[in-house]
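S.K.: CSV, C-alpha atoms and all ligand atoms, saved as target27.csv, coming up:
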chain,number,residue,atom,x,y,z
A,27,MET,CA,-7.0,-3.3,-24.0
A,28,ALA,CA,-6.8,-5.3,-20.9
A,29,ARG,CA,-3.5,-6.7,-21.9
A,30,LEU,CA,-2.1,-3.3,-22.6
A,31,HIS,CA,-3.2,-2.2,-19.2
A,32,THR,CA,-1.5,-5.1,-17.5
A,33,LYS,CA,1.7,-4.4,-19.3
A,34,ARG,CA,1.8,-0.8,-18.2
A,35,ALA,CA,1.1,-1.9,-14.6
A,36,ASP,CA,4.0,-4.3,-14.9
A,37,GLN,CA,6.3,-1.5,-16.1
A,38,ARG,CA,5.3,0.7,-13.2
A,39,ARG,CA,6.0,-2.1,-10.8
A,40,ASP,CA,9.4,-2.7,-12.3
A,41,ALA,CA,10.2,1.0,-12.1
A,42,THR,CA,9.2,1.1,-8.5
A,43,HIS,CA,11.3,-2.0,-7.7
A,44,LYS,CA,14.3,-0.4,-9.3
A,45,LEU,CA,13.8,2.8,-7.3
A,46,THR,CA,13.4,1.1,-3.9
A,47,THR,CA,16.5,-1.0,-4.6
A,48,GLN,CA,18.4,2.1,-5.5
A,49,LEU,CA,17.2,3.9,-2.4
A,50,ILE,CA,18.3,1.0,-0.2
A,51,HIS,CA,21.7,0.7,-1.8
A,52,GLU,CA,22.4,4.4,-1.5
A,53,ASN,CA,21.3,4.9,2.1
A,54,GLN,CA,22.3,3.1,5.2
A,55,VAL,CA,19.3,4.4,7.1
A,56,ILE,CA,15.9,5.3,5.6
A,57,ALA,CA,13.2,6.9,7.7
A,58,ALA,CA,9.7,7.6,6.5
A,59,GLU,CA,6.5,8.9,7.9
A,60,SER,CA,3.8,6.2,8.1
A,61,LEU,CA,1.3,8.1,6.0
A,62,GLN,CA,1.1,9.4,2.5
A,63,VAL,CA,3.6,12.3,2.3
A,64,LYS,CA,3.2,13.6,-1.2
A,65,ASN,CA,3.5,17.1,0.1
A,66,LEU,CA,6.8,16.4,1.8
A,67,LEU,CA,8.5,14.8,-1.1
A,68,GLN,CA,10.5,16.7,-3.6
A,69,ASN,CA,12.2,13.8,-5.2
A,70,ARG,CA,10.3,13.4,-8.5
A,71,SER,CA,10.9,9.8,-9.1
A,72,LEU,CA,9.8,9.0,-5.6
A,73,SER,CA,6.7,11.1,-5.8
A,74,LYS,CA,5.8,9.3,-9.1
A,75,ALA,CA,6.4,5.9,-7.6
A,76,ILE,CA,4.1,6.8,-4.7
A,77,SER,CA,1.3,7.8,-7.0
A,78,ASP,CA,1.8,4.7,-9.2
A,79,VAL,CA,1.9,2.0,-6.6
A,80,GLY,CA,0.9,3.7,-3.4
A,81,TRP,CA,2.7,4.5,-0.2
A,82,HIS,CA,1.9,1.2,1.4
A,83,GLN,CA,3.5,-0.9,-1.3
A,84,LEU,CA,6.5,1.4,-1.5
A,85,THR,CA,7.2,1.2,2.2
A,86,CYS,CA,6.7,-2.6,2.1
A,87,GLN,CA,9.4,-2.9,-0.6
A,88,LEU,CA,11.7,-0.6,1.3
A,89,ALA,CA,11.2,-2.7,4.5
A,90,TYR,CA,12.0,-6.1,3.0
A,91,LYS,CA,14.8,-4.8,0.9
A,92,ALA,CA,16.4,-3.1,3.9
A,93,GLU,CA,16.2,-6.6,5.6
A,94,TRP,CA,17.9,-8.3,2.6
A,95,TYR,CA,20.7,-5.8,2.3
A,96,GLY,CA,21.3,-5.2,6.0
A,97,ARG,CA,20.0,-1.6,6.0
A,98,ASP,CA,17.8,0.1,8.5
A,99,PHE,CA,14.3,1.1,7.5
A,100,VAL,CA,12.2,2.8,10.2
A,101,GLN,CA,8.7,4.3,10.0
A,102,ILE,CA,7.8,7.3,12.1
A,103,ASP,CA,4.4,7.6,13.6
A,104,LYS,CA,2.1,9.9,11.7
A,105,GLY,CA,1.4,11.8,14.9
A,106,TYR,CA,5.0,13.0,15.0
A,107,PRO,CA,5.1,16.8,14.3
A,108,SER,CA,7.8,16.6,11.6
A,109,SER,CA,6.5,19.7,9.8
A,110,LYS,CA,5.7,21.8,12.8
A,111,ARG,CA,8.9,21.1,14.7
A,112,CYS,CA,11.9,23.4,14.3
A,113,PHE,CA,14.9,21.1,13.5
A,114,HIS,CA,17.3,23.6,15.1
A,115,CYS,CA,15.8,24.1,18.5
A,116,GLY,CA,12.9,21.6,18.8
A,117,TYR,CA,10.3,24.3,19.1
A,118,ILE,CA,6.9,23.1,17.9
A,119,ALA,CA,4.7,25.6,16.1
A,120,ASP,CA,0.9,25.6,16.9
A,121,THR,CA,-0.1,25.3,13.3
A,122,MET,CA,1.6,24.7,9.9
A,123,PRO,CA,-0.9,25.1,7.0
A,124,LEU,CA,0.1,23.2,3.9
A,125,ASP,CA,0.5,26.4,1.8
A,126,ILE,CA,3.4,27.6,4.0
A,127,ARG,CA,6.6,26.5,2.3
A,128,ARG,CA,9.0,28.5,4.3
A,129,TRP,CA,8.8,29.8,7.9
A,130,ASP,CA,10.7,31.6,10.6
A,131,CYS,CA,11.2,30.0,14.0
A,132,SER,CA,10.0,32.4,16.7
A,133,ALA,CA,12.0,30.5,19.4
A,134,CYS,CA,15.5,30.3,18.0
A,135,GLY,CA,15.2,33.0,15.3
A,136,THR,CA,16.2,30.7,12.3
A,137,ARG,CA,14.7,32.4,9.2
A,138,GLY,CA,13.5,30.9,6.0
A,139,ILE,CA,13.2,27.3,7.2
A,140,ASP,CA,12.4,25.1,4.2
A,141,ARG,CA,9.3,23.1,5.1
A,142,ASP,CA,10.3,19.9,3.3
A,143,ILE,CA,13.9,19.9,4.3
A,144,ASN,CA,13.1,20.6,7.9
A,145,ALA,CA,10.5,17.8,8.0
A,146,ALA,CA,12.9,15.4,6.3
A,147,ARG,CA,15.6,16.2,8.9
A,148,ASN,CA,13.2,15.7,11.8
A,149,ILE,CA,12.0,12.4,10.4
A,150,LEU,CA,15.6,11.1,9.9
A,151,LYS,CA,16.6,12.3,13.4
A,152,ALA,CA,13.5,10.6,14.9
A,153,GLY,CA,14.3,7.4,12.9
A,154,LYS,CA,17.9,7.3,14.2
A,155,ALA,CA,16.7,7.8,17.8
A,156,ILE,CA,14.4,4.9,17.4
A,157,LEU,CA,17.2,2.8,15.9
A,158,ALA,CA,19.5,3.8,18.7
A,159,GLY,CA,16.9,2.7,21.2
A,160,ALA,CA,16.5,-0.6,19.4
A,161,ASP,CA,20.3,-1.2,19.5
A,162,LYS,CA,20.3,-0.6,23.2
A,163,LEU,CA,17.5,-3.1,23.7
A,164,ARG,CA,19.3,-5.6,21.5
A,165,HIS,CA,22.5,-5.1,23.5
A,166,HIS,CA,20.6,-5.5,26.8
A,167,GLU,CA,19.0,-8.8,25.5
A,168,GLN,CA,22.4,-10.1,24.5
A,169,THR,CA,23.9,-9.3,27.9
A,170,THR,CA,21.0,-10.9,29.6
A,171,VAL,CA,21.2,-14.0,27.5
A,172,GLY,CA,25.0,-14.1,28.2
A,173,HIS,CA,24.4,-14.0,32.0
A,174,THR,CA,21.8,-16.7,32.1
A,175,GLY,CA,22.8,-19.0,29.3
A,176,GLY,CA,26.2,-20.1,30.6
A,201,ZN,ZN,13.9,27.1,16.2
Spell out the structure here as structure tokens.
M.R.:
Amino acid sequence: MARLHTKRADQRRDATHKLTTQLIHENQVIAAESLQVKNLLQNRSLSKAISDVGWHQLTCQLAYKAEWYGRDFVQIDKGYPSSKRCFHCGYIADTMPLDIRRWDCSACGTRGIDRDINAARNILKAGKAILAGADKLRHHEQTTVGHTGG
């Protein structure tokens, strides 16, 4: 019984490793919210992997595999209003109860905003902004080193 259980756990781990490797290969940039996001995820295999091994282990794998393969993995603070923010105009709704799957933006008039897609776009945009800032910092450090290191 115990051995059976171990074997199944191993299989789950293998499946998760395959999935995270695939995600890293297929995407140059991966941005994720730093909390459990089962409500935001429509990708079935991803949702399953999260429930199998947990969000923390999944993001850990993504982080080190991104490093291996020269990809960017960035985590967005859980305080970021990815669900409440309209991707089109930046308007932030007061509340966004979990049972609301589609909404209309009262600021820019966009109708039928898909909650999950909108949140995913916001997370990716925020992730890219963070990476752009990190690039600037790297560039600045390089120039600074160049000036003083001669
Ligand atoms: Zn809007």
S.K.: Write out as CSV the residues of chain A that have any atom within 10 Å of an atom of ligand ZN 201 (chain A), one row each with the nearest atom pair and its distance in Å to one decimal, counting only C-alpha atoms and all ligand atoms, sorted by chain and then rising number.
M.R.:
residue,atom,partner,partner_atom,distance
A:Arg111,CA,A:ZN201,ZN,8.0
A:Cys112,CA,A:ZN201,ZN,4.6
A:Phe113,CA,A:ZN201,ZN,6.7
A:His114,CA,A:ZN201,ZN,5.0
A:Cys115,CA,A:ZN201,ZN,4.2
A:Gly116,CA,A:ZN201,ZN,6.2
A:Tyr117,CA,A:ZN201,ZN,5.4
A:Ile118,CA,A:ZN201,ZN,8.2
A:Ala119,CA,A:ZN201,ZN,9.3
A:Asp130,CA,A:ZN201,ZN,7.9
A:Cys131,CA,A:ZN201,ZN,4.5
A:Ser132,CA,A:ZN201,ZN,6.6
A:Ala133,CA,A:ZN201,ZN,5.0
A:Cys134,CA,A:ZN201,ZN,4.0
A:Gly135,CA,A:ZN201,ZN,6.1
A:Thr136,CA,A:ZN201,ZN,5.8
A:Arg137,CA,A:ZN201,ZN,8.8
A:Ile139,CA,A:ZN201,ZN,9.0
S.K.: Using all atoms listed in the file, what does the table of stretch 29-138 of chain A residues within 8 Å of stretch 151-154 of chain A look like, with each row giving the shortest atom pair and its distance in Å to one decimal, sorted by chain and ascending number, as JSON lines?
M.R.:
{"residue": "A:Val55", "atom": "CA", "partner": "A:Lys154", "partner_atom": "CA", "distance": 7.8}
{"residue": "A:Ile56", "atom": "CA", "partner": "A:Gly153", "partner_atom": "CA", "distance": 7.8}
{"residue": "A:Ala57", "atom": "CA", "partner": "A:Gly153", "partner_atom": "CA", "distance": 5.3}
{"residue": "A:Ala58", "atom": "CA", "partner": "A:Gly153", "partner_atom": "CA", "distance": 7.9}
{"residue": "A:Val100", "atom": "CA", "partner": "A:Gly153", "partner_atom": "CA", "distance": 5.7}
{"residue": "A:Gln101", "atom": "CA", "partner": "A:Gly153", "partner_atom": "CA", "distance": 7.0}
{"residue": "A:Ile102", "atom": "CA", "partner": "A:Gly153", "partner_atom": "CA", "distance": 6.5}
S.K.: Calculate how many Å separate atom CA of A:Arg38 from atom CA of A:Lys91, rounding to one decimal.
M.R.: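 A separation of 17.9 Å between them.
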S.K.: Choose the residue, out of A:Cys86, A:Ala92, A:Val79, A:Leu150, that has the smallest atom-to-atom separation from A:Glu52; count all atoms listed in the file.
M.R.: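 Smallest separation from A:Glu52 among the options: A:Ala92.
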S.K.: Nearest to A:Thr47 among A:Thr121, A:Ser109, A:Gln87, A:Asn148, with distances taken over all atoms listed in the file: which residue is it?
M.R.: A:Gln87
S.K.: Could you jot down the atom CA of A:Asp140 to atom CA of A:Asp120 separation for me, Å, one decimal place?
M.R.: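 Rounded to one decimal, the two atoms are 17.1 Å apart.
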S.K.: Considering all atoms listed in the file, return as a list in words whatever protein or nucleic-acid residues lie within 10 Å of A:Glu59, sequence-local ones (same chain, fewer than 2 positions apart) excluded.
M.R.: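 Result of the neighbour search: Ala57, Leu61, Gln62, Val63, Leu66, Trp81, Thr85, Val100, Gln101, Ile102, Asp103, Lys104, Gly105, Tyr106, Ser108, Ala145, Ala146, Ile149, Leu150 and Gly153 of chain A.
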S.K.: Let me see the file: selected residues, C-alpha atoms, as a JSON list (two decimals), in the coordinates of the input.
M.R.:
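out-v7.json written:
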[["chain", "number", "residue", "atom", "x", "y", "z"],
["A", 57, "ALA", "CA", 13.20, 6.90, 7.70],
["A", 61, "LEU", "CA", 1.30, 8.10, 6.00],
["A", 62, "GLN", "CA", 1.10, 9.40, 2.50],
["A", 63, "VAL", "CA", 3.60, 12.30, 2.30],
["A", 66, "LEU", "CA", 6.80, 16.40, 1.80],
["A", 81, "TRP", "CA", 2.70, 4.50, -0.20],
["A", 85, "THR", "CA", 7.20, 1.20, 2.20],
["A", 100, "VAL", "CA", 12.20, 2.80, 10.20],
["A", 101, "GLN", "CA", 8.70, 4.30, 10.00],
["A", 102, "ILE", "CA", 7.80, 7.30, 12.10],
["A", 103, "ASP", "CA", 4.40, 7.60, 13.60],
["A", 104, "LYS", "CA", 2.10, 9.90, 11.70],
["A", 105, "GLY", "CA", 1.40, 11.80, 14.90],
["A", 106, "TYR", "CA", 5.00, 13.00, 15.00],
["A", 108, "SER", "CA", 7.80, 16.60, 11.60],
["A", 145, "ALA", "CA", 10.50, 17.80, 8.00],
["A", 146, "ALA", "CA", 12.90, 15.40, 6.30],
["A", 149, "ILE", "CA", 12.00, 12.40, 10.40],
["A", 150, "LEU", "CA", 15.60, 11.10, 9.90],
["A", 153, "GLY", "CA", 14.30, 7.40, 12.90]]
S.K.: Using only C-alpha atoms for the distances, tell me which of A:Ala160, A:Ile50, A:Ala41, A:Ile76 is nearest to A:Trp94.
M.R.: A:Ile50
S.K.: Restricting the calculation to all atoms listed in the file, which member of A:Arg128, A:His43, A:His51, A:Arg97 is positioned closest to A:Ala75?
M.R.: A:His43
S.K.: So, with all atoms listed in the file as the atoms that count, which of A:Tyr90, A:Ile156, A:Leu84, A:Asp125 lies closest to A:Asp142?
M.R.: A:Asp125
S.K.: Would you work out the distance separating atom CA of A:Thr42 from atom CA of A:Asp98, expressed in Å to one decimal?
M.R.: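 Interatomic distance, atom CA of A:Thr42 to atom CA of A:Asp98: 19.1 Å.
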S.K.: Which residue gives the smallest distance to A:Phe99 among A:Ser77, A:Asn53, A:Asn144, A:Thr32, with only C-alpha atoms counted?
M.R.: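 Nearest candidate to A:Phe99 out of A:Ser77, A:Asn53, A:Asn144, A:Thr32: A:Asn53.
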S.K.: Missing atoms in stretch 36-47 of chain A: can you complete it with N, CA and C atoms, as a short mmCIF file (atom, residue, chain, number, x, y, z; two decimals), keeping the file's coordinate frame?
M.R.:
data_model
loop_
_atom_site.label_atom_id
_atom_site.label_comp_id
_atom_site.auth_asym_id
_atom_site.auth_seq_id
_atom_site.Cartn_x
_atom_site.Cartn_y
_atom_site.Cartn_z
N ASP A 36 2.77 -3.60 -15.11
CA ASP A 36 4.00 -4.30 -14.90
C ASP A 36 5.22 -3.36 -14.94
N GLN A 37 5.19 -2.49 -15.96
CA GLN A 37 6.30 -1.50 -16.10
C GLN A 37 6.41 -0.62 -14.91
N ARG A 38 5.24 -0.19 -14.40
CA ARG A 38 5.30 0.70 -13.20
C ARG A 38 5.85 -0.06 -12.03
N ARG A 39 5.46 -1.33 -11.90
CA ARG A 39 6.00 -2.10 -10.80
C ARG A 39 7.51 -2.25 -10.91
N ASP A 40 7.99 -2.53 -12.11
CA ASP A 40 9.40 -2.70 -12.30
C ASP A 40 10.14 -1.38 -11.94
N ALA A 41 9.61 -0.25 -12.38
CA ALA A 41 10.20 1.00 -12.10
C ALA A 41 10.30 1.27 -10.59
N THR A 42 9.24 0.89 -9.90
CA THR A 42 9.20 1.10 -8.50
C THR A 42 10.24 0.18 -7.76
N HIS A 43 10.34 -1.06 -8.25
CA HIS A 43 11.30 -2.00 -7.70
C HIS A 43 12.75 -1.45 -7.87
N LYS A 44 13.02 -0.93 -9.06
CA LYS A 44 14.30 -0.40 -9.30
C LYS A 44 14.62 0.79 -8.36
N LEU A 45 13.61 1.64 -8.19
CA LEU A 45 13.80 2.80 -7.30
C LEU A 45 14.02 2.42 -5.87
N THR A 46 13.21 1.49 -5.36
CA THR A 46 13.40 1.10 -3.90
C THR A 46 14.72 0.42 -3.73
N THR A 47 15.16 -0.41 -4.70
CA THR A 47 16.50 -1.00 -4.60
C THR A 47 17.56 0.00 -4.56
#
